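The file coords_38.cif contains mmCIF, C-alpha atoms:
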```cif
data_coords
loop_
_atom_site.label_atom_id
_atom_site.label_comp_id
_atom_site.auth_asym_id
_atom_site.auth_seq_id
_atom_site.Cartn_x
_atom_site.Cartn_y
_atom_site.Cartn_z
CA MET N 231 0.00 0.00 0.00
CA ALA N 232 1.33 3.42 -0.94
CA GLU N 233 2.15 5.54 2.10
CA ASN N 234 1.24 9.05 1.02
CA ARG N 235 -1.99 8.86 -0.92
CA GLY N 236 -4.62 11.53 -0.44
CA TRP N 237 -8.23 10.81 0.44
CA ASP N 238 -9.35 11.37 -3.17
CA GLU N 239 -6.71 9.09 -4.67
CA PHE N 240 -8.12 5.84 -3.36
CA ASP N 241 -10.44 3.67 -5.45
CA ALA N 242 -14.13 4.07 -4.80
CA GLY N 243 -14.95 0.96 -2.80
CA ALA N 244 -12.20 -1.44 -1.93
CA ILE N 245 -11.43 -5.01 -2.77
CA LEU N 246 -8.92 -6.73 -0.56
CA PHE N 247 -7.46 -10.08 -1.50
CA THR N 248 -6.69 -12.33 1.42
CA PHE N 249 -4.32 -14.57 -0.50
CA ASN N 250 -1.52 -13.90 -2.96
CA GLU N 251 -2.49 -16.83 -5.14
CA LYS N 252 -5.50 -19.04 -5.70
CA VAL N 253 -6.29 -21.47 -2.88
CA ASP N 254 -8.43 -24.32 -4.09
CA ASN N 255 -10.10 -25.30 -0.84
CA ILE N 256 -9.56 -22.91 2.03
CA ALA N 257 -11.66 -24.95 4.45
CA THR N 258 -9.16 -27.81 4.38
CA THR N 259 -5.96 -25.73 4.13
CA LEU N 260 -4.37 -24.99 7.50
CA ALA N 261 -3.05 -21.53 8.27
CA GLU N 262 0.62 -22.48 7.78
CA ASP N 263 -0.08 -23.67 4.21
CA ARG N 264 -2.00 -20.59 3.12
CA PRO N 265 -0.37 -17.89 0.97
CA TYR N 266 -1.59 -14.93 3.02
CA SER N 267 -1.25 -11.54 1.41
CA SER N 268 -0.35 -8.39 3.30
CA SER N 269 -4.02 -7.37 3.38
CA SER N 270 -5.05 -10.32 5.50
CA SER N 271 -5.20 -9.42 9.17
CA PHE N 272 -3.35 -12.70 9.78
CA THR N 273 -0.21 -10.77 8.85
CA ALA N 274 -1.03 -7.99 11.33
CA SER N 275 -0.57 -8.12 15.09
CA VAL N 276 -2.57 -7.03 18.09
CA GLY N 277 -0.06 -8.47 20.54
CA ASP N 278 0.60 -5.03 22.01
CA TRP N 279 -2.98 -4.89 23.37
CA ARG N 280 -2.06 -7.35 26.09
CA ILE N 281 -1.33 -6.45 29.70
CA GLU N 282 -1.32 -10.08 30.73
CA LYS N 283 -0.41 -13.06 28.61
CA PRO N 284 -1.66 -16.64 28.86
CA ILE N 285 1.06 -19.20 29.51
CA PHE N 286 0.49 -22.78 28.43
CA ASN N 287 1.74 -25.63 30.61
CA LYS N 288 1.47 -28.80 28.54
CA ASP N 289 2.12 -31.06 31.58
CA TYR N 290 -1.44 -30.58 32.80
CA CYS N 291 -3.23 -30.25 29.45
CA ILE N 292 -5.82 -32.93 28.62
CA ASP N 293 -6.45 -31.64 25.05
CA CYS N 294 -10.12 -30.98 25.73
CA GLN N 295 -9.96 -28.07 23.24
CA PHE N 296 -12.26 -25.81 25.27
CA CYS N 297 -9.68 -23.06 24.84
CA TRP N 298 -9.64 -23.62 21.09
CA ILE N 299 -13.39 -23.35 20.61
CA TYR N 300 -13.86 -20.38 22.95
CA CYS N 301 -10.85 -18.32 21.84
CA PRO N 302 -12.25 -15.19 20.16
CA ASP N 303 -9.00 -14.42 18.38
CA VAL N 304 -8.07 -17.71 16.74
CA SER N 305 -4.97 -17.70 18.94
CA ILE N 306 -5.04 -21.25 20.28
CA ILE N 307 -3.09 -23.42 17.87
CA ALA N 308 -4.56 -26.92 17.72
CA ARG N 309 -3.14 -29.46 15.30
CA ASP N 310 -4.00 -33.18 15.05
CA LYS N 311 -6.43 -32.89 17.98
CA LYS N 312 -3.64 -31.60 20.24
CA MET N 313 -3.24 -28.16 21.75
CA ILE N 314 0.26 -27.09 20.79
CA GLY N 315 0.55 -23.47 21.74
CA ILE N 316 -0.60 -19.88 21.64
CA ASP N 317 -0.34 -17.43 18.78
CA PHE N 318 0.96 -14.32 20.55
CA ASP N 319 0.64 -12.15 17.43
CA HIS N 320 -3.14 -12.38 17.62
CA CYS N 321 -3.83 -12.97 21.31
CA LYS N 322 -5.38 -9.92 22.99
CA GLY N 323 -5.00 -11.34 26.49
CA CYS N 324 -8.72 -11.54 27.29
CA GLY N 325 -8.25 -14.56 29.54
CA ILE N 326 -11.21 -16.64 28.33
CA CYS N 327 -8.93 -19.66 27.71
CA VAL N 328 -7.82 -19.59 31.35
CA GLU N 329 -11.40 -19.33 32.62
CA VAL N 330 -12.66 -22.29 30.56
CA CYS N 331 -9.66 -24.55 31.29
CA PRO N 332 -11.06 -27.49 33.31
CA THR N 333 -7.85 -29.06 34.66
CA ASN N 334 -6.60 -28.82 38.24
CA PRO N 335 -4.26 -26.99 38.40
CA LYS N 336 -5.14 -25.10 35.22
CA SER N 337 -2.91 -25.75 32.23
CA LEU N 338 -3.30 -22.13 31.12
CA LEU N 339 -2.71 -19.19 33.44
CA MET N 340 -2.39 -15.45 32.98
CA PHE N 341 0.94 -13.80 33.83
CA GLY N 342 2.22 -10.27 33.43
CA GLU N 343 3.31 -9.49 29.88
CA HIS N 344 6.82 -8.50 31.07
CA LEU N 345 7.53 -11.82 32.85
CA ASP N 346 9.79 -14.50 31.45
CA ASP N 347 7.99 -17.63 30.22
CA ASP N 348 10.29 -20.08 32.02
CA GLU N 349 9.90 -18.21 35.31
CA CYS N 350 6.11 -18.36 34.89
CA LEU N 351 6.23 -22.11 34.32
CA ALA N 352 8.48 -22.56 37.35
CA SER N 353 6.01 -20.71 39.57
CA TRP N 354 3.05 -22.88 38.49
CA PRO N 355 0.68 -23.59 41.40
CA GLU N 356 0.21 -27.05 42.89
CA LYS N 357 -3.03 -29.01 42.60
CA ASP N 358 -5.75 -27.26 44.59
CA GLU N 359 -7.31 -29.89 46.88
CA LYS N 360 -10.08 -27.67 48.18
CA GLU N 361 -11.66 -27.20 44.77
CA VAL N 362 -12.65 -30.85 44.23
CA MET H 163 -26.62 -31.24 -1.76
CA SER H 164 -23.18 -31.22 -0.33
CA GLU H 165 -21.84 -33.49 2.34
CA ILE H 166 -22.29 -32.57 5.99
CA LYS H 167 -19.03 -32.08 7.83
CA LYS H 168 -18.62 -34.76 10.50
CA ILE H 169 -18.09 -33.26 13.93
CA LYS H 170 -18.45 -35.87 16.65
CA ASN H 171 -16.59 -34.13 19.44
CA LEU H 172 -14.53 -31.09 20.21
CA LYS H 173 -11.23 -32.80 19.36
CA GLU H 174 -12.50 -33.59 15.90
CA PHE H 175 -13.88 -30.06 15.58
CA SER H 176 -10.47 -28.61 16.49
CA THR H 177 -8.92 -29.99 13.31
CA SER H 178 -10.92 -27.39 11.35
CA ALA H 179 -8.96 -24.76 9.46
CA ASP H 180 -10.38 -21.41 10.54
CA ARG H 181 -11.62 -19.08 7.84
CA PHE H 182 -11.71 -16.15 10.21
CA GLU H 183 -8.46 -14.50 11.22
CA GLY H 184 -7.10 -12.99 14.38
CA ALA H 185 -5.82 -9.42 14.66
CA ASN H 186 -9.32 -8.17 14.03
CA LEU H 187 -10.14 -5.17 16.20
CA LEU H 188 -12.98 -6.64 18.25
CA CYS H 189 -12.67 -6.02 21.99
CA PRO H 190 -10.77 -8.63 23.99
CA GLY H 191 -13.34 -11.18 25.13
CA CYS H 192 -15.91 -10.34 22.45
CA ALA H 193 -18.29 -13.21 21.75
CA HIS H 194 -18.91 -12.16 18.14
CA SER H 195 -15.82 -13.91 16.84
CA ILE H 196 -16.53 -17.04 18.89
CA ILE H 197 -19.91 -17.32 17.19
CA VAL H 198 -18.49 -16.54 13.75
CA ARG H 199 -15.81 -19.21 14.16
CA GLU H 200 -18.35 -21.81 15.24
CA VAL H 201 -20.60 -21.00 12.27
CA LEU H 202 -17.82 -20.99 9.67
CA ASN H 203 -16.16 -24.14 11.04
CA ALA H 204 -19.46 -26.04 10.91
CA THR H 205 -19.09 -26.48 7.15
CA ASN H 206 -16.37 -27.23 4.62
CA ASP H 207 -18.33 -25.70 1.75
CA ASP H 208 -17.40 -22.47 0.03
CA LEU H 209 -18.94 -19.43 1.64
CA VAL H 210 -20.35 -16.15 0.41
CA ILE H 211 -20.61 -13.89 3.42
CA GLY H 212 -22.23 -10.53 3.87
CA ALA H 213 -22.16 -8.29 6.89
CA SER H 214 -24.32 -5.42 7.95
CA THR H 215 -22.69 -2.47 9.65
CA GLY H 216 -21.98 -3.27 13.25
CA CYS H 217 -19.14 -4.23 15.53
CA LEU H 218 -18.31 -7.29 13.48
CA GLU H 219 -18.14 -5.38 10.21
CA VAL H 220 -16.15 -2.37 11.38
CA CYS H 221 -13.69 -4.51 13.31
CA THR H 222 -12.96 -7.20 10.75
CA ALA H 223 -12.54 -5.07 7.65
CA VAL H 224 -10.44 -2.10 8.70
CA TYR H 225 -8.68 -0.92 5.56
CA PRO H 226 -6.11 -2.17 4.51
CA TYR H 227 -6.87 -5.41 6.37
CA THR H 228 -9.56 -8.04 6.16
CA SER H 229 -10.07 -10.89 8.61
CA TRP H 230 -12.11 -13.06 6.28
CA ASP H 231 -10.77 -15.96 4.22
CA ALA H 232 -13.95 -16.21 2.17
CA SER H 233 -15.87 -13.99 -0.24
CA TRP H 234 -17.12 -11.21 1.98
CA ILE H 235 -19.08 -8.07 1.25
CA HIS H 236 -20.24 -5.08 3.21
CA ILE H 237 -22.68 -2.52 1.82
CA GLY H 238 -24.77 -0.74 4.41
CA PHE H 239 -26.33 -0.96 7.82
CA GLU H 240 -29.69 -2.16 6.57
CA ASN H 241 -28.98 -4.29 3.55
CA GLY H 242 -26.54 -7.02 4.57
CA SER H 243 -29.37 -9.46 3.96
CA THR H 244 -30.31 -8.18 0.51
CA ALA H 245 -26.67 -8.02 -0.60
CA VAL H 246 -26.32 -11.72 0.07
CA ALA H 247 -29.78 -12.42 -1.36
CA GLY H 248 -28.65 -10.64 -4.54
CA ALA H 249 -25.52 -12.76 -4.73
CA GLU H 250 -27.67 -15.86 -4.27
CA ALA H 251 -30.08 -14.79 -7.02
CA MET H 252 -27.11 -14.09 -9.31
CA TYR H 253 -25.68 -17.52 -8.54
CA LYS H 254 -28.97 -19.17 -9.47
CA ALA H 255 -29.21 -17.18 -12.70
CA LEU H 256 -25.66 -18.09 -13.75
CA LYS H 257 -26.30 -21.70 -12.84
CA SER H 258 -29.40 -21.93 -15.02
CA LYS H 259 -27.46 -20.34 -17.89
CA GLY H 260 -24.64 -22.85 -17.38
CA ARG H 261 -22.04 -20.15 -16.87
CA LEU H 262 -20.56 -21.25 -13.55
CA PRO H 263 -16.91 -22.34 -13.67
CA GLN H 264 -17.44 -24.96 -10.93
CA PRO H 265 -21.15 -25.85 -10.95
CA ASP H 266 -20.68 -28.80 -8.59
CA ARG H 267 -19.38 -26.61 -5.78
CA THR H 268 -22.44 -24.88 -4.36
CA PRO H 269 -21.48 -22.17 -1.90
CA LYS H 270 -23.41 -21.35 1.26
CA PHE H 271 -24.76 -17.84 1.58
CA VAL H 272 -24.49 -16.32 5.04
CA THR H 273 -25.22 -12.88 6.46
CA PHE H 274 -23.89 -11.71 9.79
CA ALA H 275 -25.50 -8.74 11.44
CA GLY H 276 -25.86 -7.27 14.88
CA ASP H 277 -29.13 -6.85 16.68
CA GLY H 278 -29.38 -3.20 15.64
CA ALA H 279 -29.21 -4.15 11.97
CA THR H 280 -31.63 -7.03 12.50
CA TYR H 281 -34.24 -5.88 14.99
CA ASP H 282 -34.41 -2.22 13.90
CA ILE H 283 -32.64 -0.88 10.85
CA GLY H 284 -32.57 -3.85 8.50
CA PHE H 285 -35.91 -5.28 9.49
CA GLN H 286 -37.77 -4.43 6.29
CA TRP H 287 -34.98 -5.85 4.13
CA ILE H 288 -34.81 -9.11 6.10
CA SER H 289 -38.55 -9.46 5.91
CA GLY H 290 -38.33 -9.05 2.15
CA CYS H 291 -35.57 -11.66 1.84
CA PHE H 292 -37.53 -14.17 3.87
CA GLU H 293 -40.72 -13.49 1.95
CA ARG H 294 -38.93 -14.05 -1.38
CA GLY H 295 -37.43 -17.26 -0.02
CA HIS H 296 -33.75 -16.88 -0.86
CA ASP H 297 -31.56 -19.86 -0.01
CA MET H 298 -29.46 -18.14 2.65
CA MET H 299 -28.69 -18.07 6.34
CA TYR H 300 -29.07 -14.95 8.43
CA VAL H 301 -27.11 -14.94 11.67
CA CYS H 302 -28.00 -12.22 14.15
CA LEU H 303 -25.28 -11.57 16.73
CA ASP H 304 -27.56 -10.40 19.50
CA ASN H 305 -25.74 -8.28 22.05
CA GLU H 306 -28.88 -6.35 22.92
CA VAL H 307 -27.40 -2.90 22.31
CA TYR H 308 -25.82 -0.73 19.57
CA ALA H 309 -22.37 -1.51 20.90
CA ASN H 310 -20.51 -0.17 17.86
CA THR H 311 -21.75 3.40 18.25
CA GLY H 312 -21.44 3.63 22.01
CA GLY H 313 -24.22 1.67 23.61
CA GLN H 314 -27.56 3.09 22.47
CA ARG H 315 -30.70 1.06 23.07
CA SER H 316 -32.05 -1.15 20.30
CA SER H 317 -35.38 -2.95 20.21
CA SER H 318 -33.49 -6.01 21.42
CA THR H 319 -32.46 -4.29 24.67
CA PRO H 320 -34.22 -5.94 27.62
CA VAL H 321 -36.14 -4.17 30.39
CA GLY H 322 -34.04 -2.46 33.04
CA SER H 323 -30.82 -2.36 31.05
CA SER H 324 -28.96 0.92 31.36
CA THR H 325 -27.88 2.26 27.96
CA THR H 326 -26.62 5.65 26.83
CA THR H 327 -30.00 6.61 25.36
CA ALA H 328 -31.98 4.97 28.17
CA PRO H 329 -29.73 5.62 31.16
CA ALA H 330 -30.59 4.52 34.67
CA GLY H 331 -30.58 7.23 37.30
CA ARG H 332 -32.72 9.15 39.73
CA VAL H 333 -35.86 9.16 37.60
CA SER H 334 -35.45 6.08 35.42
CA TYR H 335 -34.49 2.44 35.79
CA GLY H 336 -33.16 2.33 32.22
CA GLU H 337 -34.82 0.67 29.26
CA LYS H 338 -38.59 0.31 29.73
CA LYS H 339 -39.65 -1.68 26.68
CA GLU H 340 -39.59 -5.43 26.45
CA LYS H 341 -37.30 -7.18 24.02
CA LYS H 342 -38.81 -7.86 20.60
CA ASP H 343 -39.48 -11.55 19.92
CA MET H 344 -37.59 -11.74 16.65
CA ILE H 345 -37.59 -15.56 16.53
CA ALA H 346 -41.39 -15.67 16.49
CA ILE H 347 -41.52 -12.94 13.85
CA MET H 348 -39.12 -14.77 11.56
CA ALA H 349 -40.91 -18.09 12.13
CA ALA H 350 -44.15 -16.38 11.16
CA HIS H 351 -42.56 -15.57 7.79
CA GLY H 352 -42.81 -19.29 7.06
CA SER H 353 -39.07 -19.80 7.26
CA PRO H 354 -38.11 -23.49 7.07
CA TYR H 355 -35.75 -23.16 10.02
CA VAL H 356 -35.42 -20.62 12.80
CA ALA H 357 -33.24 -21.20 15.85
CA GLN H 358 -31.74 -19.55 18.87
CA VAL H 359 -28.14 -20.48 19.69
CA ALA H 360 -25.47 -19.66 22.26
CA PRO H 361 -21.71 -19.97 21.77
CA ASN H 362 -21.19 -21.93 25.00
CA LYS H 363 -23.36 -24.80 23.71
CA TRP H 364 -21.12 -25.35 20.70
CA LYS H 365 -22.48 -28.78 19.82
CA ASP H 366 -26.07 -27.58 19.80
CA MET H 367 -24.95 -24.60 17.74
CA VAL H 368 -23.06 -26.67 15.16
CA LYS H 369 -26.02 -29.03 14.83
CA LYS H 370 -28.39 -26.14 14.21
CA ILE H 371 -26.06 -24.42 11.77
CA GLN H 372 -25.59 -27.65 9.79
CA HIS H 373 -29.34 -28.20 9.74
CA GLY H 374 -29.76 -24.62 8.57
CA PHE H 375 -27.27 -25.15 5.74
CA GLN H 376 -29.03 -28.34 4.66
CA VAL H 377 -32.53 -26.93 4.34
CA GLU H 378 -33.46 -24.91 1.29
CA GLY H 379 -34.79 -21.44 1.95
CA PRO H 380 -34.10 -18.55 4.30
CA VAL H 381 -32.83 -19.58 7.73
CA PHE H 382 -32.74 -17.26 10.72
CA ILE H 383 -30.30 -17.84 13.58
CA ASN H 384 -30.31 -15.65 16.68
CA ALA H 385 -27.08 -15.98 18.65
CA ILE H 386 -26.55 -14.43 22.05
CA SER H 387 -23.33 -12.46 22.10
CA PRO H 388 -22.38 -11.08 25.52
CA CYS H 389 -20.74 -7.69 25.11
CA THR H 390 -17.97 -7.10 27.61
CA THR H 391 -17.98 -3.35 26.99
CA GLU H 392 -21.70 -2.54 27.11
CA TRP H 393 -22.89 -5.28 29.47
CA LYS H 394 -20.03 -4.22 31.74
CA PHE H 395 -18.29 -7.39 32.83
CA ALA H 396 -14.65 -8.48 32.76
CA PRO H 397 -13.44 -9.82 29.37
CA GLU H 398 -12.55 -13.27 30.74
CA ASP H 399 -16.14 -13.78 31.99
CA THR H 400 -17.74 -13.95 28.52
CA MET H 401 -18.38 -17.68 28.64
CA MET H 402 -19.55 -17.52 32.26
CA ILE H 403 -22.15 -14.85 31.34
CA THR H 404 -23.27 -16.99 28.38
CA ASP H 405 -23.64 -19.98 30.70
CA LEU H 406 -25.72 -17.87 33.08
CA SER H 407 -27.95 -16.65 30.26
CA THR H 408 -28.77 -20.14 29.02
CA ASP H 409 -29.06 -21.75 32.46
CA SER H 410 -31.31 -19.02 33.86
CA LEU H 411 -33.55 -19.45 30.77
CA VAL H 412 -33.25 -15.76 29.97
CA PHE H 413 -31.99 -17.04 26.65
CA PRO H 414 -33.59 -20.44 26.02
CA LEU H 415 -32.18 -22.54 23.20
CA TYR H 416 -34.81 -23.81 20.80
CA GLU H 417 -35.61 -24.18 17.12
CA ILE H 418 -38.76 -23.79 15.05
CA ILE H 419 -39.05 -25.97 11.96
CA ASP H 420 -41.38 -24.80 9.15
CA GLY H 421 -42.93 -22.20 11.41
CA HIS H 422 -44.77 -24.62 13.69
CA GLU H 423 -42.64 -27.49 15.01
CA LEU H 424 -40.92 -26.05 18.08
CA ASN H 425 -38.19 -28.08 19.78
CA ILE H 426 -36.41 -27.03 22.96
CA THR H 427 -32.83 -28.17 22.44
CA TYR H 428 -31.33 -27.42 25.84
CA ARG H 429 -32.93 -28.00 29.23
CA PRO H 430 -30.64 -26.92 32.07
CA LYS H 431 -30.27 -29.51 34.84
CA ASN H 432 -30.26 -26.79 37.47
CA VAL H 433 -32.20 -23.70 36.50
CA ILE H 434 -30.61 -20.75 38.23
CA PRO H 435 -32.51 -17.63 39.34
CA VAL H 436 -32.56 -14.73 36.90
CA VAL H 437 -31.01 -12.42 39.51
CA ASP H 438 -27.77 -14.41 39.20
CA TYR H 439 -27.63 -13.51 35.52
CA LEU H 440 -28.60 -9.88 36.08
CA GLY H 441 -26.25 -9.44 39.03
CA ALA H 442 -23.21 -10.51 37.03
CA GLN H 443 -23.55 -7.52 34.68
CA GLY H 444 -22.93 -3.84 35.35
CA ARG H 445 -25.76 -2.73 33.07
CA PHE H 446 -28.31 -4.12 35.58
CA LYS H 447 -26.50 -2.94 38.72
CA HIS H 448 -29.13 -0.28 39.58
CA LEU H 449 -31.91 -2.91 39.62
CA PHE H 450 -30.60 -4.16 42.95
CA LYS H 451 -31.57 -0.92 44.72
CA PRO H 452 -34.64 -1.40 46.94
CA GLU H 453 -36.85 0.90 44.83
CA ASN H 454 -36.29 -1.25 41.73
CA LYS H 455 -37.24 -4.57 43.29
CA HIS H 456 -40.43 -4.76 41.22
CA ILE H 457 -38.31 -4.79 38.05
CA LEU H 458 -36.35 -7.80 39.30
CA ASP H 459 -39.57 -9.62 40.20
CA GLY H 460 -40.97 -8.75 36.79
CA TRP H 461 -37.89 -10.25 35.15
CA GLN H 462 -38.33 -13.62 36.85
CA THR H 463 -42.06 -13.67 36.09
CA ARG H 464 -41.44 -12.87 32.43
CA VAL H 465 -38.73 -15.51 32.03
CA ASP H 466 -40.90 -18.16 33.73
CA ARG H 467 -43.87 -17.23 31.55
CA ASN H 468 -41.78 -17.42 28.39
CA TRP H 469 -40.35 -20.83 29.33
CA GLU H 470 -43.86 -22.10 30.07
CA LEU H 471 -45.00 -20.80 26.69
CA LEU H 472 -42.14 -22.55 24.88
CA GLN H 473 -42.86 -25.84 26.62
CA ARG H 474 -46.56 -25.63 25.85
CA ARG H 475 -45.78 -24.84 22.22
CA GLU H 476 -43.37 -27.74 22.02
CA GLU H 477 -46.11 -30.08 23.24
CA ALA H 478 -48.83 -28.61 21.08
CA ARG H 479 -46.82 -28.77 17.82
CA VAL H 480 -48.71 -25.83 16.37
#
```

Show me the file's structure as structure tokens.
Amino acid sequence: MAENRGWDEFDAGAILFTFNEKVDNIATTLAEDRPYSSSSSFTASVGDWRIEKPIFNKDYCIDCQFCWIYCPDVSIIARDKKMIGIDFDHCKGCGICVEVCPTNPKSLLMFGEHLDDDECLASWPEKDEKEV
Amino acid sequence: MSEIKKIKNLKEFSTSADRFEGANLLCPGCAHSIIVREVLNATNDDLVIGASTGCLEVCTAVYPYTSWDASWIHIGFENGSTAVAGAEAMYKALKSKGRLPQPDRTPKFVTFAGDGATYDIGFQWISGCFERGHDMMYVCLDNEVYANTGGQRSSSTPVGSSTTTAPAGRVSYGEKKEKKDMIAIMAAHGSPYVAQVAPNKWKDMVKKIQHGFQVEGPVFINAISPCTTEWKFAPEDTMMITDLSTDSLVFPLYEIIDGHELNITYRPKNVIPVVDYLGAQGRFKHLFKPENKHILDGWQTRVDRNWELLQRREEARV
């Protein structure tokens, strides 16, 4: 996109193409195999919206996929029925994934954005007996 | 008729490739995108999507970005439905002339709109689409307020809700009109399938969406979409509020087939009092003052009456 175009120099109406080339069946092509163009918001980031980030501890995860279905920002990466991580370019840090996580202790927890991931994992809480 | 996507459980569902992208500008914790993802992932068919002006439209197509991996169009506040109906009519015309490049791949036509565009502004257009019988699905993301423009009341706003144009204060308890029963209105159009869904009951939702895609004719889906900004709750509580809304029967989940066959699709094991739902949201905070107790009582009475009505209609099959 040109940087210094005036308001009257844009086309009337706008067509944005999500992909750089033709994708035959988008519904069966995973994100990593798609030729995203620079006008797809997949290439943008809202990571700087976060104050807190979710940290994923795979030791406690049971792959229930609640976080995947309830993530509003397509930021839970699930492949082959397994939860494999979080897409921090698109995560806004809303915390829904942590709330819906059913394990004890939770396998997702919110930590301050500035904290180191390994430190967060080291400070993971023990199983909460009272909650049973 | 295309094949129905097999979704037995959530693990199987999670292998879907999303056709809706992140880095849209919806608020953190917005339920709109949860609903959109559940709808789009319910099918593997090609999609032609339209959107009326509203939160979803302004947040997912901010120039120079788009969050949609399918054909998507936005025209105006009122005519999201007719835009898609036009595309559907065009598709049919090209098909009968034999001018489609891939005639075996029939796309699904879907419109997304907020409650403002559905209940108020686009009502005439939707009515027209349903009367003409276009083969499309209309999904209303019902957050009970004009959230995009700053929280004005719509005809979906329930009694007692404080909005910027019906604020609660010394002389008023907020919105005074009851919520419009859009489901009944759309069923009365003779639509082959009308349903109410909630994002927390994903399996129920996927089943209804797939049924809606299978039937021929205009399908109306009303989806509750808790709004963290205007309902005034913390972003992480979106699913909790949705659970409260379905379990307190404020938002019962049911479907109406061919305008008469009503089925209740979710019966909560423990029905919770309506005050639990109201108390979790800032927009109803003022109702808990002693002088507004009659509003709270009225809420419970209304919800009970509505649930009774649905059950009687389910039995009667009329």

Could you list the residues in chain N lying within 8 Å of chain H, using all atoms listed in the file, and format the result as a PDB file with C-alpha atoms, keeping the file's coordinate frame?
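Written file, part.pdb:
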```pdb
ATOM      1  CA  MET N 231       0.000   0.000   0.000  1.00  0.00           C
ATOM      2  CA  LEU N 246      -8.920  -6.730  -0.560  1.00  0.00           C
ATOM      3  CA  THR N 248      -6.690 -12.330   1.420  1.00  0.00           C
ATOM      4  CA  ASN N 255     -10.100 -25.300  -0.840  1.00  0.00           C
ATOM      5  CA  ILE N 256      -9.560 -22.910   2.030  1.00  0.00           C
ATOM      6  CA  ALA N 257     -11.660 -24.950   4.450  1.00  0.00           C
ATOM      7  CA  THR N 258      -9.160 -27.810   4.380  1.00  0.00           C
ATOM      8  CA  THR N 259      -5.960 -25.730   4.130  1.00  0.00           C
ATOM      9  CA  LEU N 260      -4.370 -24.990   7.500  1.00  0.00           C
ATOM     10  CA  ALA N 261      -3.050 -21.530   8.270  1.00  0.00           C
ATOM     11  CA  SER N 268      -0.350  -8.390   3.300  1.00  0.00           C
ATOM     12  CA  SER N 269      -4.020  -7.370   3.380  1.00  0.00           C
ATOM     13  CA  SER N 270      -5.050 -10.320   5.500  1.00  0.00           C
ATOM     14  CA  SER N 271      -5.200  -9.420   9.170  1.00  0.00           C
ATOM     15  CA  PHE N 272      -3.350 -12.700   9.780  1.00  0.00           C
ATOM     16  CA  ALA N 274      -1.030  -7.990  11.330  1.00  0.00           C
ATOM     17  CA  SER N 275      -0.570  -8.120  15.090  1.00  0.00           C
ATOM     18  CA  VAL N 276      -2.570  -7.030  18.090  1.00  0.00           C
ATOM     19  CA  ASP N 293      -6.450 -31.640  25.050  1.00  0.00           C
ATOM     20  CA  CYS N 294     -10.120 -30.980  25.730  1.00  0.00           C
ATOM     21  CA  GLN N 295      -9.960 -28.070  23.240  1.00  0.00           C
ATOM     22  CA  PHE N 296     -12.260 -25.810  25.270  1.00  0.00           C
ATOM     23  CA  TRP N 298      -9.640 -23.620  21.090  1.00  0.00           C
ATOM     24  CA  ILE N 299     -13.390 -23.350  20.610  1.00  0.00           C
ATOM     25  CA  TYR N 300     -13.860 -20.380  22.950  1.00  0.00           C
ATOM     26  CA  CYS N 301     -10.850 -18.320  21.840  1.00  0.00           C
ATOM     27  CA  PRO N 302     -12.250 -15.190  20.160  1.00  0.00           C
ATOM     28  CA  ASP N 303      -9.000 -14.420  18.380  1.00  0.00           C
ATOM     29  CA  VAL N 304      -8.070 -17.710  16.740  1.00  0.00           C
ATOM     30  CA  SER N 305      -4.970 -17.700  18.940  1.00  0.00           C
ATOM     31  CA  ALA N 308      -4.560 -26.920  17.720  1.00  0.00           C
ATOM     32  CA  ARG N 309      -3.140 -29.460  15.300  1.00  0.00           C
ATOM     33  CA  ASP N 310      -4.000 -33.180  15.050  1.00  0.00           C
ATOM     34  CA  LYS N 311      -6.430 -32.890  17.980  1.00  0.00           C
ATOM     35  CA  LYS N 312      -3.640 -31.600  20.240  1.00  0.00           C
ATOM     36  CA  ASP N 319       0.640 -12.150  17.430  1.00  0.00           C
ATOM     37  CA  HIS N 320      -3.140 -12.380  17.620  1.00  0.00           C
ATOM     38  CA  CYS N 321      -3.830 -12.970  21.310  1.00  0.00           C
ATOM     39  CA  LYS N 322      -5.380  -9.920  22.990  1.00  0.00           C
ATOM     40  CA  GLY N 323      -5.000 -11.340  26.490  1.00  0.00           C
ATOM     41  CA  CYS N 324      -8.720 -11.540  27.290  1.00  0.00           C
ATOM     42  CA  GLY N 325      -8.250 -14.560  29.540  1.00  0.00           C
ATOM     43  CA  ILE N 326     -11.210 -16.640  28.330  1.00  0.00           C
ATOM     44  CA  CYS N 327      -8.930 -19.660  27.710  1.00  0.00           C
ATOM     45  CA  VAL N 328      -7.820 -19.590  31.350  1.00  0.00           C
ATOM     46  CA  GLU N 329     -11.400 -19.330  32.620  1.00  0.00           C
ATOM     47  CA  VAL N 330     -12.660 -22.290  30.560  1.00  0.00           C
TER      48      VAL N 330
END
```

task = I would like the residues chosen by the PyMOL selection byres ((chain H and resi 442) around 10) on the shown file; could you give them as a VMD selection string?
result = chain H and resid 393 to 396 399 402 to 403 406 437 to 441 443 to 447

inquiry  = Given the point (-35.5, -11.8, -3.6) in the coordinates of this file, which residues lie within 9 Å, counting all atoms listed in the file, and how would they look as a ChimeraX atom specification?
reply    = /H:244,247-248,250-251,290-296

Taking C-alpha atoms for each residue, export the selection above as a compact mmCIF listing (two decimals), in the frame of the given file.
```
# COMPACT_ATOMS: atom_id res chain seq x y z
CA THR H 244 -30.31 -8.18 0.51
CA ALA H 247 -29.78 -12.42 -1.36
CA GLY H 248 -28.65 -10.64 -4.54
CA GLU H 250 -27.67 -15.86 -4.27
CA ALA H 251 -30.08 -14.79 -7.02
CA GLY H 290 -38.33 -9.05 2.15
CA CYS H 291 -35.57 -11.66 1.84
CA PHE H 292 -37.53 -14.17 3.87
CA GLU H 293 -40.72 -13.49 1.95
CA ARG H 294 -38.93 -14.05 -1.38
CA GLY H 295 -37.43 -17.26 -0.02
CA HIS H 296 -33.75 -16.88 -0.86
```
